[in-house]
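Engineer: The structure file final.cif (mmCIF, C-alpha atoms and all ligand atoms) is provided below.
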```
data_model
#
loop_
_atom_site.label_atom_id
_atom_site.label_comp_id
_atom_site.auth_asym_id
_atom_site.auth_seq_id
_atom_site.Cartn_x
_atom_site.Cartn_y
_atom_site.Cartn_z
CA MET A 1 80.81 107.89 109.45
CA LEU A 2 83.03 105.08 108.23
CA THR A 3 83.47 102.36 110.83
CA LEU A 4 86.69 100.36 110.65
CA ASP A 5 84.99 97.34 112.22
CA PHE A 6 83.59 95.97 108.97
CA HIS A 7 82.66 92.56 110.36
CA PRO A 8 80.48 92.82 113.49
CA THR A 9 80.49 89.21 114.74
CA GLY A 10 82.79 86.23 114.66
CA ARG A 11 85.69 86.79 112.39
CA HIS A 12 86.18 87.55 108.74
CA PHE A 13 87.90 84.85 106.69
CA LEU A 14 90.59 86.66 104.73
CA GLN A 15 91.48 83.88 102.30
CA ILE A 16 93.08 85.96 99.58
CA PRO A 17 96.72 85.18 98.72
CA GLY A 18 97.88 88.28 100.54
CA PRO A 19 97.58 90.48 102.37
CA SER A 20 97.19 87.52 104.70
CA PRO A 21 95.78 87.62 108.24
CA VAL A 22 98.13 89.25 110.77
CA PRO A 23 98.50 87.17 113.97
CA ASP A 24 97.73 88.85 117.32
CA ARG A 25 101.34 88.33 118.38
CA ILE A 26 102.53 90.52 115.51
CA LEU A 27 99.78 93.11 116.02
CA ARG A 28 100.84 93.39 119.67
CA ALA A 29 104.51 93.79 118.72
CA MET A 30 103.58 96.58 116.32
CA SER A 31 101.66 98.41 119.03
CA TYR A 32 104.82 99.28 121.00
CA PRO A 33 105.57 103.01 121.05
CA THR A 34 107.49 104.35 118.08
CA ILE A 35 111.08 105.18 119.04
CA ASP A 36 113.65 107.66 117.75
CA HIS A 37 114.99 106.19 114.53
CA ARG A 38 118.32 107.96 115.18
CA GLY A 39 118.50 106.87 118.83
CA PRO A 40 120.53 104.06 120.42
CA GLU A 41 117.66 101.57 120.85
CA PHE A 42 116.90 101.76 117.17
CA ALA A 43 120.36 100.52 116.13
CA ALA A 44 119.85 97.38 118.22
CA LEU A 45 116.47 96.77 116.55
CA GLY A 46 117.82 97.47 113.06
CA LEU A 47 120.84 95.17 113.40
CA GLN A 48 118.70 92.40 114.84
CA VAL A 49 116.01 92.61 112.17
CA LEU A 50 118.53 92.75 109.32
CA ALA A 51 120.31 89.65 110.66
CA LYS A 52 117.08 87.69 111.09
CA VAL A 53 115.68 88.59 107.70
CA LYS A 54 118.80 87.19 105.99
CA GLN A 55 117.92 83.80 107.44
CA ILE A 56 114.46 84.03 105.88
CA PHE A 57 115.98 84.73 102.44
CA GLN A 58 118.67 82.09 103.13
CA THR A 59 121.43 84.49 102.21
CA GLN A 60 124.71 85.72 103.67
CA GLY A 61 124.53 88.92 101.60
CA PRO A 62 122.79 92.19 102.38
CA VAL A 63 119.00 92.53 102.37
CA VAL A 64 117.63 96.04 101.88
CA ILE A 65 114.28 96.89 103.49
CA TYR A 66 112.11 99.61 101.90
CA PRO A 67 109.04 101.34 103.36
CA ALA A 68 107.12 100.46 100.18
CA SER A 69 104.92 97.78 98.67
CA GLY A 70 106.34 95.04 96.45
CA THR A 71 106.05 97.18 93.33
CA GLY A 72 108.59 99.58 94.84
CA ALA A 73 111.02 96.71 95.36
CA TRP A 74 110.55 95.66 91.69
CA GLU A 75 111.52 99.18 90.64
CA ALA A 76 114.42 99.25 93.11
CA ALA A 77 115.84 96.00 91.74
CA LEU A 78 115.75 97.11 88.11
CA SER A 79 116.92 100.66 88.73
CA ASN A 80 119.92 99.50 90.78
CA VAL A 81 121.28 97.06 88.19
CA CYS A 82 120.16 98.49 84.82
CA SER A 83 121.09 101.47 82.66
CA PRO A 84 118.71 103.34 80.33
CA GLY A 85 117.67 101.23 77.33
CA ASP A 86 119.06 97.97 78.76
CA HIS A 87 117.59 94.76 77.37
CA VAL A 88 115.91 92.53 79.98
CA LEU A 89 114.35 89.12 79.40
CA MET A 90 111.08 88.53 81.28
CA TYR A 91 109.02 85.34 81.42
CA GLU A 92 105.22 85.58 81.41
CA THR A 93 103.81 83.16 83.98
CA GLY A 94 100.79 85.31 84.77
CA HIS A 95 99.50 88.74 85.69
CA PHE A 96 102.31 89.72 88.06
CA ALA A 97 105.03 88.70 85.60
CA TRP A 98 103.16 90.80 83.03
CA LEU A 99 102.94 93.80 85.41
CA TRP A 100 106.66 93.60 86.12
CA GLN A 101 107.32 93.73 82.39
CA LYS A 102 105.08 96.81 82.20
CA LEU A 103 107.06 98.48 84.97
CA ALA A 104 110.35 97.68 83.19
CA THR A 105 108.99 99.27 80.02
CA ARG A 106 107.99 102.40 81.97
CA LEU A 107 111.59 102.58 83.19
CA GLN A 108 112.51 102.71 79.50
CA LEU A 109 114.13 99.31 79.50
CA LYS A 110 113.78 97.06 76.48
CA ALA A 111 111.66 94.33 78.04
CA GLU A 112 111.43 91.20 75.91
CA VAL A 113 108.83 88.65 77.02
CA VAL A 114 109.11 84.90 76.53
CA ALA A 115 106.23 82.54 77.27
CA MET A 116 104.85 79.16 76.30
CA PRO A 117 102.73 79.83 73.21
CA GLY A 118 99.05 79.00 72.78
CA THR A 119 95.85 78.60 74.75
CA CYS A 120 94.57 75.58 76.62
CA PRO A 121 92.01 73.73 74.41
CA THR A 122 89.66 72.78 77.30
CA THR A 123 89.53 76.12 79.11
CA GLY A 124 90.67 78.67 76.53
CA LEU A 125 93.13 80.05 79.13
CA PRO A 126 96.72 81.02 78.20
CA ILE A 127 98.95 77.93 78.48
CA SER A 128 101.85 79.96 79.85
CA TRP A 129 99.65 81.04 82.79
CA ARG A 130 99.05 77.40 83.74
CA HIS A 131 102.71 76.35 83.88
CA GLY A 132 105.90 77.49 85.57
CA VAL A 133 108.87 79.06 83.83
CA GLN A 134 110.24 76.75 81.11
CA ALA A 135 113.98 77.08 81.67
CA ASP A 136 114.77 75.64 78.23
CA LEU A 137 113.06 78.62 76.54
CA ILE A 138 115.28 80.96 78.54
CA GLU A 139 118.38 78.93 77.72
CA ALA A 140 117.59 78.96 73.99
CA ARG A 141 117.00 82.74 74.01
CA LEU A 142 120.23 83.42 75.89
CA LYS A 143 122.23 81.17 73.56
CA ALA A 144 120.90 83.19 70.61
CA ASP A 145 122.06 86.39 72.33
CA THR A 146 125.67 85.95 71.25
CA GLY A 147 126.44 89.64 71.78
CA HIS A 148 125.29 89.42 75.42
CA THR A 149 122.95 92.39 75.13
CA ILE A 150 120.53 90.88 77.70
CA LYS A 151 121.44 92.31 81.09
CA ALA A 152 118.96 90.47 83.29
CA VAL A 153 116.53 87.57 83.33
CA CYS A 154 113.43 88.36 85.42
CA VAL A 155 111.10 85.63 86.69
CA VAL A 156 108.35 85.29 89.29
CA HIS A 157 108.90 82.46 91.77
CA ASN A 158 105.32 82.15 93.02
CA GLU A 159 102.83 83.56 90.50
CA THR A 160 100.09 84.85 92.78
CA SER A 161 97.60 85.35 89.96
CA THR A 162 97.51 81.65 89.08
CA GLY A 163 98.93 79.50 91.89
CA VAL A 164 101.98 78.26 89.98
CA THR A 165 105.56 78.21 91.28
CA SER A 166 108.69 78.10 89.16
CA ASN A 167 111.90 76.15 89.51
CA ILE A 168 114.42 78.92 90.14
CA ALA A 169 117.44 76.60 90.38
CA ALA A 170 116.58 75.39 86.85
CA VAL A 171 116.56 78.99 85.58
CA ARG A 172 120.02 79.56 87.07
CA LYS A 173 121.19 76.30 85.45
CA ALA A 174 119.83 77.51 82.09
CA ILE A 175 121.71 80.83 82.37
CA ASN A 176 124.91 78.97 83.23
CA ALA A 177 124.38 76.41 80.45
CA ALA A 178 124.06 79.27 77.96
CA LYS A 179 127.33 80.70 79.40
CA HIS A 180 125.54 84.04 79.59
CA PRO A 181 126.49 86.83 82.05
CA ALA A 182 122.89 88.05 82.61
CA LEU A 183 121.82 88.67 86.19
CA LEU A 184 118.97 86.59 87.62
CA LEU A 185 116.20 88.69 89.24
CA VAL A 186 113.45 86.82 91.07
CA ASP A 187 110.16 88.06 92.49
CA THR A 188 109.16 85.97 95.49
CA ILE A 189 106.75 88.55 96.88
CA SER A 190 104.17 85.86 97.60
CA GLY A 191 106.54 82.91 97.97
CA LEU A 192 108.87 84.03 100.76
CA ALA A 193 108.31 82.31 104.12
CA SER A 194 105.69 79.97 102.64
CA ALA A 195 107.37 78.22 99.71
CA GLU A 196 110.98 77.04 99.97
CA TYR A 197 113.32 79.78 98.77
CA LYS A 198 117.15 79.79 98.75
CA HIS A 199 118.67 83.04 97.48
CA ASP A 200 122.32 81.98 97.77
CA GLU A 201 122.08 78.29 96.89
CA TRP A 202 119.95 78.96 93.81
CA GLY A 203 122.35 81.62 92.54
CA VAL A 204 119.83 84.47 92.51
CA ASP A 205 121.31 87.96 91.98
CA VAL A 206 118.38 90.04 93.24
CA THR A 207 115.39 88.70 95.17
CA ILE A 208 112.34 90.92 95.50
CA SER A 209 109.81 90.32 98.25
CA GLY A 210 107.12 91.94 100.38
CA SER A 211 105.70 91.90 103.88
CA GLN A 212 102.02 91.10 103.40
CA LYS A 213 102.10 87.42 102.45
CA GLY A 214 104.11 84.65 104.15
CA LEU A 215 105.66 87.09 106.61
CA MET A 216 102.13 87.70 108.01
CA LEU A 217 102.67 91.46 108.28
CA PRO A 218 100.49 94.26 107.00
CA PRO A 219 101.46 95.70 103.60
CA GLY A 220 104.13 98.40 103.74
CA ILE A 221 107.60 96.92 103.60
CA SER A 222 109.43 95.25 100.78
CA PHE A 223 112.87 93.85 100.19
CA ASN A 224 115.79 93.42 97.83
CA ALA A 225 118.31 90.70 98.66
CA MET A 226 121.37 90.92 96.46
CA SER A 227 124.42 88.91 95.42
CA ALA A 228 127.97 90.27 95.20
CA LYS A 229 127.55 90.28 91.40
CA ALA A 230 124.40 92.43 91.69
CA LEU A 231 126.16 94.85 94.04
CA GLU A 232 129.03 95.14 91.57
CA ALA A 233 126.55 95.75 88.71
CA SER A 234 124.89 98.49 90.79
CA ARG A 235 128.18 100.43 90.88
CA HIS A 236 128.03 100.88 87.10
CA ALA A 237 124.25 100.98 86.46
CA SER A 238 123.04 104.42 85.48
CA LEU A 239 119.21 104.39 85.60
CA PRO A 240 118.22 107.40 87.72
CA LYS A 241 117.59 106.43 91.36
CA ALA A 242 117.79 108.20 94.68
CA PHE A 243 115.33 106.80 97.24
CA TRP A 244 115.86 103.26 95.90
CA ALA A 245 119.67 103.42 95.69
CA TRP A 246 121.24 100.47 97.49
CA ASP A 247 124.64 102.05 98.24
CA GLU A 248 123.61 104.49 101.00
CA ILE A 249 121.14 102.07 102.56
CA VAL A 250 123.61 99.17 102.67
CA GLU A 251 126.26 101.45 104.16
CA MET A 252 124.01 102.84 106.91
CA ASN A 253 122.47 99.45 107.63
CA LYS A 254 125.93 98.33 108.84
CA THR A 255 125.26 100.38 111.97
CA GLY A 256 121.56 99.48 112.20
CA TYR A 257 120.23 102.73 110.74
CA TRP A 258 118.60 103.90 107.50
CA PRO A 259 119.27 107.07 105.48
CA SER A 260 115.56 108.03 105.58
CA THR A 261 112.85 107.30 108.14
CA PRO A 262 112.10 103.56 108.31
CA ASN A 263 108.65 102.32 109.33
CA THR A 264 109.64 101.48 112.87
CA ASN A 265 106.44 99.72 113.93
CA LEU A 266 106.48 97.44 110.91
CA LEU A 267 110.07 96.55 111.82
CA TYR A 268 108.83 95.53 115.30
CA GLY A 269 106.34 93.32 113.48
CA LEU A 270 109.03 91.94 111.16
CA SER A 271 111.24 91.08 114.10
CA GLU A 272 108.36 89.18 115.73
CA ALA A 273 107.45 87.44 112.45
CA CYS A 274 111.05 86.24 112.01
CA ASP A 275 111.05 84.89 115.57
CA MET A 276 107.84 82.98 114.86
CA LEU A 277 109.07 81.58 111.53
CA LEU A 278 112.56 80.67 112.71
CA ASP A 279 111.55 79.31 116.15
CA PRO A 280 113.39 75.97 116.50
CA ARG A 281 110.68 74.69 118.89
CA HIS A 282 108.28 74.74 115.94
CA GLY A 283 110.75 73.32 113.44
CA GLY A 284 111.88 76.59 111.83
CA LEU A 285 111.59 77.20 108.11
CA PRO A 286 111.45 73.52 107.03
CA MET A 287 108.28 73.12 109.10
CA VAL A 288 106.82 76.35 107.69
CA PHE A 289 107.28 74.98 104.15
CA ALA A 290 105.92 71.53 105.09
CA ARG A 291 102.74 72.93 106.60
CA HIS A 292 102.04 75.07 103.56
CA GLN A 293 102.47 72.03 101.28
CA ARG A 294 100.00 70.09 103.41
CA TRP A 295 97.37 72.85 103.46
CA ALA A 296 97.74 73.19 99.71
CA GLU A 297 97.19 69.48 99.16
CA GLY A 298 94.08 69.54 101.38
CA VAL A 299 92.62 72.44 99.41
CA ARG A 300 93.39 70.77 96.09
CA ALA A 301 91.66 67.61 97.34
CA ALA A 302 88.54 69.76 97.81
CA VAL A 303 88.76 71.31 94.34
CA ARG A 304 89.18 67.90 92.72
CA ALA A 305 86.21 66.51 94.64
CA TRP A 306 84.05 69.41 93.41
CA GLY A 307 85.06 68.38 89.88
CA LEU A 308 86.55 71.81 89.15
CA GLU A 309 89.84 72.45 87.42
CA ILE A 310 92.94 73.67 89.23
CA MET A 311 94.51 76.56 87.33
CA CYS A 312 98.02 75.09 87.64
CA ALA A 313 98.20 72.36 85.00
CA ASP A 314 101.53 70.90 86.17
CA SER A 315 101.47 69.04 89.50
CA ALA A 316 105.26 69.45 89.83
CA VAL A 317 104.82 73.20 90.36
CA TYR A 318 101.60 73.51 92.37
CA SER A 319 101.85 76.55 94.62
CA PRO A 320 101.93 75.88 98.36
CA VAL A 321 100.55 79.42 98.89
CA LEU A 322 97.30 79.51 96.96
CA CYS A 323 95.07 77.49 94.68
CA GLY A 324 93.53 78.93 91.51
CA VAL A 325 90.09 77.43 90.91
CA VAL A 326 88.76 77.60 87.34
CA THR A 327 84.99 78.02 87.17
CA PRO A 328 83.02 76.22 84.42
CA GLN A 329 82.72 78.07 81.07
CA GLY A 330 79.94 80.65 81.28
CA VAL A 331 80.09 81.03 85.10
CA ASP A 332 81.39 84.42 86.27
CA ALA A 333 83.93 83.58 88.98
CA ASP A 334 83.62 87.11 90.41
CA ALA A 335 79.88 86.67 90.91
CA VAL A 336 80.61 83.48 92.88
CA ARG A 337 83.20 85.32 94.97
CA LYS A 338 80.76 88.15 95.65
CA LEU A 339 78.11 85.74 96.85
CA ILE A 340 80.60 83.95 99.15
CA TYR A 341 81.73 87.30 100.56
CA GLU A 342 78.23 88.60 101.18
CA ARG A 343 76.71 85.41 102.55
CA PHE A 344 79.63 83.87 104.42
CA ASP A 345 82.03 86.69 105.31
CA CYS A 346 84.90 85.14 103.39
CA SER A 347 87.19 87.02 100.96
CA LEU A 348 88.67 85.06 98.05
CA GLY A 349 91.15 86.31 95.45
CA THR A 350 89.78 87.60 92.17
CA GLY A 351 90.95 86.47 88.71
CA LEU A 352 93.40 89.05 87.37
CA GLY A 353 94.09 90.40 83.90
CA LYS A 354 93.66 87.87 81.10
CA ILE A 355 91.83 85.42 83.40
CA LYS A 356 89.39 87.85 85.04
CA GLY A 357 86.03 86.20 85.68
CA ARG A 358 87.38 82.73 84.81
CA MET A 359 88.80 81.75 88.18
CA PHE A 360 89.03 82.61 91.86
CA ARG A 361 91.92 82.07 94.23
CA ILE A 362 91.94 80.46 97.67
CA GLY A 363 94.90 81.66 99.77
CA HIS A 364 96.31 79.15 102.27
CA LEU A 365 99.29 80.97 103.69
CA GLY A 366 100.73 82.40 106.86
CA ASP A 367 98.53 82.47 109.93
CA CYS A 368 96.09 79.72 109.03
CA ASN A 369 95.33 76.21 110.21
CA ASP A 370 93.20 73.21 109.26
CA LEU A 371 90.02 74.65 110.74
CA THR A 372 90.33 78.10 109.18
CA LEU A 373 90.80 76.34 105.85
CA MET A 374 87.82 74.08 106.49
CA ALA A 375 85.71 77.16 107.16
CA ALA A 376 86.87 78.78 103.93
CA LEU A 377 86.20 75.62 101.95
CA SER A 378 82.71 75.37 103.48
CA GLY A 379 82.03 78.94 102.37
CA CYS A 380 83.27 78.06 98.88
CA GLU A 381 81.17 74.89 98.66
CA MET A 382 77.98 76.63 99.80
CA GLY A 383 78.66 79.55 97.45
CA LEU A 384 79.40 77.34 94.44
CA LYS A 385 76.14 75.43 94.98
CA LEU A 386 74.14 78.61 95.53
CA SER A 387 75.60 79.90 92.25
CA GLY A 388 74.01 76.96 90.48
CA ILE A 389 77.21 75.08 89.76
CA LYS A 390 76.74 71.31 89.67
CA LEU A 391 79.47 69.88 91.89
CA GLN A 392 80.60 66.28 91.47
CA GLY A 393 80.99 65.75 95.19
CA SER A 394 81.83 67.38 98.51
CA GLY A 395 85.15 69.16 98.59
CA VAL A 396 84.64 69.82 102.30
CA GLN A 397 84.45 66.09 102.96
CA ALA A 398 87.52 65.44 100.79
CA ALA A 399 89.56 68.07 102.63
CA MET A 400 88.42 66.74 106.03
CA ASP A 401 89.48 63.26 104.94
CA TYR A 402 92.84 64.57 103.76
CA PHE A 403 93.58 66.58 106.92
CA SER A 404 92.43 63.72 109.16
CA ALA A 405 94.60 61.18 107.36
CA HIS A 406 97.71 63.40 107.26
CA ALA A 407 98.76 64.74 110.65
CA ALA A 408 100.04 68.31 110.71
CA PRO A 409 103.85 68.49 110.64
CA THR A 410 103.84 70.74 113.73
CA ALA A 411 102.02 68.03 115.70
CA LEU A 412 104.60 65.49 114.53
CA ALA A 413 107.40 67.78 115.68
CA LYS A 414 105.83 68.18 119.13
CA ALA A 415 105.32 64.44 119.49
CA ALA A 416 108.92 63.63 118.49
C1 LIG B 501 104.03 87.96 92.73
C2 LIG B 501 103.73 89.40 93.00
N1 LIG B 501 104.51 90.34 92.47
C3 LIG B 501 104.27 91.65 92.67
C4 LIG B 501 103.20 92.07 93.42
C5 LIG B 501 102.97 93.54 93.61
O1 LIG B 501 103.23 93.87 94.94
P1 LIG B 501 102.49 95.08 95.68
O2 LIG B 501 101.04 94.96 95.37
O3 LIG B 501 102.83 94.84 97.14
O4 LIG B 501 103.08 96.34 95.17
C6 LIG B 501 102.36 91.14 94.00
C7 LIG B 501 101.19 91.56 94.80
O5 LIG B 501 100.36 90.78 95.18
C8 LIG B 501 102.63 89.76 93.79
O6 LIG B 501 101.85 88.83 94.33
#
```
Reformat the file's structure so that it appears as structure tokens.
Ligand SMILES: Cc1ncc(COP(=O)(O)O)c(C=O)c1O

Structural biologist:
Amino acid sequence: MLTLDFHPTGRHFLQIPGPSPVPDRILRAMSYPTIDHRGPEFAALGLQVLAKVKQIFQTQGPVVIYPASGTGAWEAALSNVCSPGDHVLMYETGHFAWLWQKLATRLQLKAEVVAMPGTCPTTGLPISWRHGVQADLIEARLKADTGHTIKAVCVVHNETSTGVTSNIAAVRKAINAAKHPALLLVDTISGLASAEYKHDEWGVDVTISGSQKGLMLPPGISFNAMSAKALEASRHASLPKAFWAWDEIVEMNKTGYWPSTPNTNLLYGLSEACDMLLDPRHGGLPMVFARHQRWAEGVRAAVRAWGLEIMCADSAVYSPVLCGVVTPQGVDADAVRKLIYERFDCSLGTGLGKIKGRMFRIGHLGDCNDLTLMAALSGCEMGLKLSGIKLQGSGVQAAMDYFSAHAAPTALAKAA
């Protein structure tokens, strides 16, 4: 018989960059009885959740919620604004950007990929996977597209496979500088509610996100936030779509309902998550972003002290959500992860796609704190040593020093 209690004592350290640990408060909210999704109470829930979620995306426009994982919301975004054979420009920052391109190709779009060329001489890893989106490459490509065949520019805000963020405002500036009408589609599946994100201010046309990362929910819901320009484009776009079609959902959402059955209990959880993230007593979203930046810096202090390389090669775009740790040449990063999992009950993210076996990922997002991170870093340090890797120094000590010297922003808020 399969037992669902996989970890008999203490608690498992789920330090992957999503799904992230779900706080008790959210689990309790999700345990309320399921209600009639056509009944009067549901409309109140729906209207409330839709209003709160707009604040998380920092948008005045509609946000559509799907009972699907992030991949569904990728497909929804493209199928609502594109027509068969449309040309889309995608930027390869890592494995998820690459997967999105694959999905676009399956939808029979003409997906053109731009990326920084070459491999890193010290690690042999793709240079483009160690940097954020280079907006000048996008600008140059759009300027060359004098016939305006490119319908959309698609970028990943927080590349979960590498731990690199991208400057989305700079991408919008590049599109405007090229005087190009392409829509801007942004995947912030792992960035939302951890890394600063401003749908309206940054001029994003469609934002794609998911529940299982910064929102601290289980997997199972995903989102499209859209601009007026994207909604207008959706009226003329002819890729086949039915379940994903925005028009009926946006219309019914005005009264708090959905055309098909929504996942009610996850909406309870989403409502609770929004209350936690937006709570003014804890500083709201600015404090959420500040605490992620601080955790990230503490973890990077540990990696530097070990003498290991951080996957992100540009300190201006370090991810506040996760840290990619490159293992020395010849060391199988997945074997290190396996050892840490088996010996210390701690799950770390695997290297994906082109960087499989070359790195592991430490997630520091959502429901975590200094001590959960210290535990994870201890597991990493013991596991790295047991794997025979010669460390320059103690990352655990470096992280303790960092966290001790830099008070948590929540504590500062309480003291003020
Ligand atoms: C940046 C990014 N995009 C897309 C996806 C795919 O989302 P899902 O696995 O929820 O379908 C993920 C999943 O981790 C992701 O991190």

Engineer: Excluding Ser260 in chain A and its own-chain neighbours fewer than 2 positions away, which residues fall within 12 Å of it when counting all atoms listed in the file? Please give them as a compact mmCIF listing (two decimals) with C-alpha atoms, in the coordinates of the input.

Structural biologist:
```txt
# COMPACT_ATOMS: atom_id res chain seq x y z
CA HIS A 37 114.99 106.19 114.53
CA ARG A 38 118.32 107.96 115.18
CA ILE A 65 114.28 96.89 103.49
CA TYR A 66 112.11 99.61 101.90
CA PRO A 67 109.04 101.34 103.36
CA ALA A 242 117.79 108.20 94.68
CA PHE A 243 115.33 106.80 97.24
CA TRP A 244 115.86 103.26 95.90
CA ALA A 245 119.67 103.42 95.69
CA GLU A 248 123.61 104.49 101.00
CA ILE A 249 121.14 102.07 102.56
CA MET A 252 124.01 102.84 106.91
CA ASN A 253 122.47 99.45 107.63
CA TYR A 257 120.23 102.73 110.74
CA TRP A 258 118.60 103.90 107.50
CA PRO A 262 112.10 103.56 108.31
CA ASN A 263 108.65 102.32 109.33
CA THR A 264 109.64 101.48 112.87
```

Engineer: Counting all atoms listed in the file, name the residues that have an atom within 8 Å of an atom of ligand LIG 501 (chain B); the answer should be given as a PyMOL selection string.

Structural biologist: chain A and resi 17-19+68-74+96-97+99-100+156-161+187-191+209-212+219-220+222

Engineer: Looking at only C-alpha atoms, which of A:Arg337, A:Gly46, A:Thr123, A:Gly61 is the one that sits closest to Gly203 in chain A?

Structural biologist: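 Answer, going by the shortest atom-to-atom distance: A:Gly61.
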
Engineer: Show me the residues around (104.9, 75.8, 80.4) - criterion: an atom at most 9 Å away, only C-alpha atoms counted - as a list in words.

Structural biologist: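 The residues that fall inside the cut-off are Thr93, Ala115, Met116, Pro117, Ile127, Ser128, Trp129, Arg130, His131, Gly132, Val133, Gln134, Ala313 and Asp314 of chain A.
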
Engineer: For a test of reading the model, state the distance in Å between CA of Leu14 in chain A and CA of Gly163 in chain A, rounded to one decimal.

Structural biologist: 16.9 Å

Engineer: From the list A:Leu377, A:Ala405, A:Ala399, A:Ile355, which residue is nearest Phe13 in chain A when using all atoms listed in the file?

Structural biologist: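 Among A:Leu377, A:Ala405, A:Ala399, A:Ile355, it is A:Leu377 that comes nearest to Phe13 in chain A.
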
Engineer: Taking all atoms listed in the file into account, name the residue in A:Leu277, A:Ala237, A:Met287, A:Ile16 that is nearest to Asp86 in chain A.

Structural biologist: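 Of all the options, A:Ala237 lies closest to Asp86 in chain A.
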
Engineer: Identify which of the residues A:Gln48, A:Val186, A:Gln397, A:Ala177 lies closest to Met90 in chain A, counting all atoms listed in the file when measuring atom-to-atom distances.

Structural biologist: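 Among the listed residues, the smallest separation from Met90 in chain A belongs to A:Val186.
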
Engineer: Near Thr9 in chain A, counting only C-alpha atoms, which residues have an atom at most 12 Å away, once you skip same-chain residues fewer than 3 positions from it, shown as a PyMOL selection string?

Structural biologist: chain A and resi 5-6+12-13+344-345

Engineer: Can you tell me which residues surround Val326 in chain A at a distance of at most 9 Å, considering only C-alpha atoms, apart from same-chain residues fewer than 5 positions away, and format the answer as a PyMOL selection string?

Structural biologist: chain A and resi 123+308-311+333+358-361

Engineer: So what do you get for CA of Pro409 in chain A versus CA of Leu371 in chain A, distance-wise?

Structural biologist: 15.1 Å

Engineer: Neighbours of Glu232 in chain A within 12 Å (only C-alpha atoms; same-chain residues fewer than 3 positions away dropped), as JSON, numbers by chain?

Structural biologist: {"A": [80, 81, 82, 183, 205, 206, 226, 227, 228, 229, 235, 236, 237, 246, 247]}

Engineer: Give the answer as one residue: which of A:Gly379, A:Asn369, A:Gly395, A:Asp145 has the shortest atom-to-atom distance to Cys346 in chain A, using only C-alpha atoms?

Structural biologist: A:Gly379

Engineer: Mind giving me the straight-line distance from CA of Asn224 in chain A to CA of Ala76 in chain A in Å, one decimal?

Structural biologist: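 Atom-to-atom, CA of Asn224 in chain A and CA of Ala76 in chain A are spaced 7.6 Å apart.
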
Engineer: Calculated over all atoms listed in the file, which of the candidates A:Leu125, A:Leu45, A:Ile35, A:Ala233 has the smallest distance to Leu267 in chain A?

Structural biologist: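 So, comparing all the options, the nearest one is A:Leu45.
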
Engineer: List as a PyMOL selection string: which residues have an atom within 12 Å of (118.3, 90.5, 82.0), counting all atoms listed in the file?

Structural biologist: chain A and resi 77-78+81-83+85-91+101+104+109-113+138+141-142+145+148-155+175+180-186+205-206+230+233

Engineer: Would you kindly return, as a ChimeraX atom specification, each protein, DNA or RNA residue with an atom no farther than 12 Å from any atom of Pro33 in chain A, considering only C-alpha atoms and excluding same-chain residues fewer than 6 positions away?

Structural biologist: /A:264-266,268

Engineer: How close does each residue of range 220-280 of chain A get to range 288-297 of chain A, giving the shortest atom pair and distance in Å to one decimal for every residue with an atom at most 12 Å away, counting all atoms listed in the file, sorted by chain and residue number, as a tab-separated table?

Structural biologist:
```
residue	atom	partner	partner_atom	distance
A:Cys274	CA	A:Val288	CA	11.6
A:Met276	CA	A:Val288	CA	9.8
A:Leu277	CA	A:Val288	CA	6.9
A:Leu278	CA	A:Val288	CA	8.8
A:Asp279	CA	A:Val288	CA	10.1
A:Pro280	CA	A:Val288	CA	11.0
```

Engineer: Would you output that residue set with C-alpha atoms, as a tab-separated table (two decimals), keeping the file's coordinate frame?

Structural biologist:
```
chain	number	residue	atom	x	y	z
A	274	CYS	CA	111.05	86.24	112.01
A	276	MET	CA	107.84	82.98	114.86
A	277	LEU	CA	109.07	81.58	111.53
A	278	LEU	CA	112.56	80.67	112.71
A	279	ASP	CA	111.55	79.31	116.15
A	280	PRO	CA	113.39	75.97	116.50
```
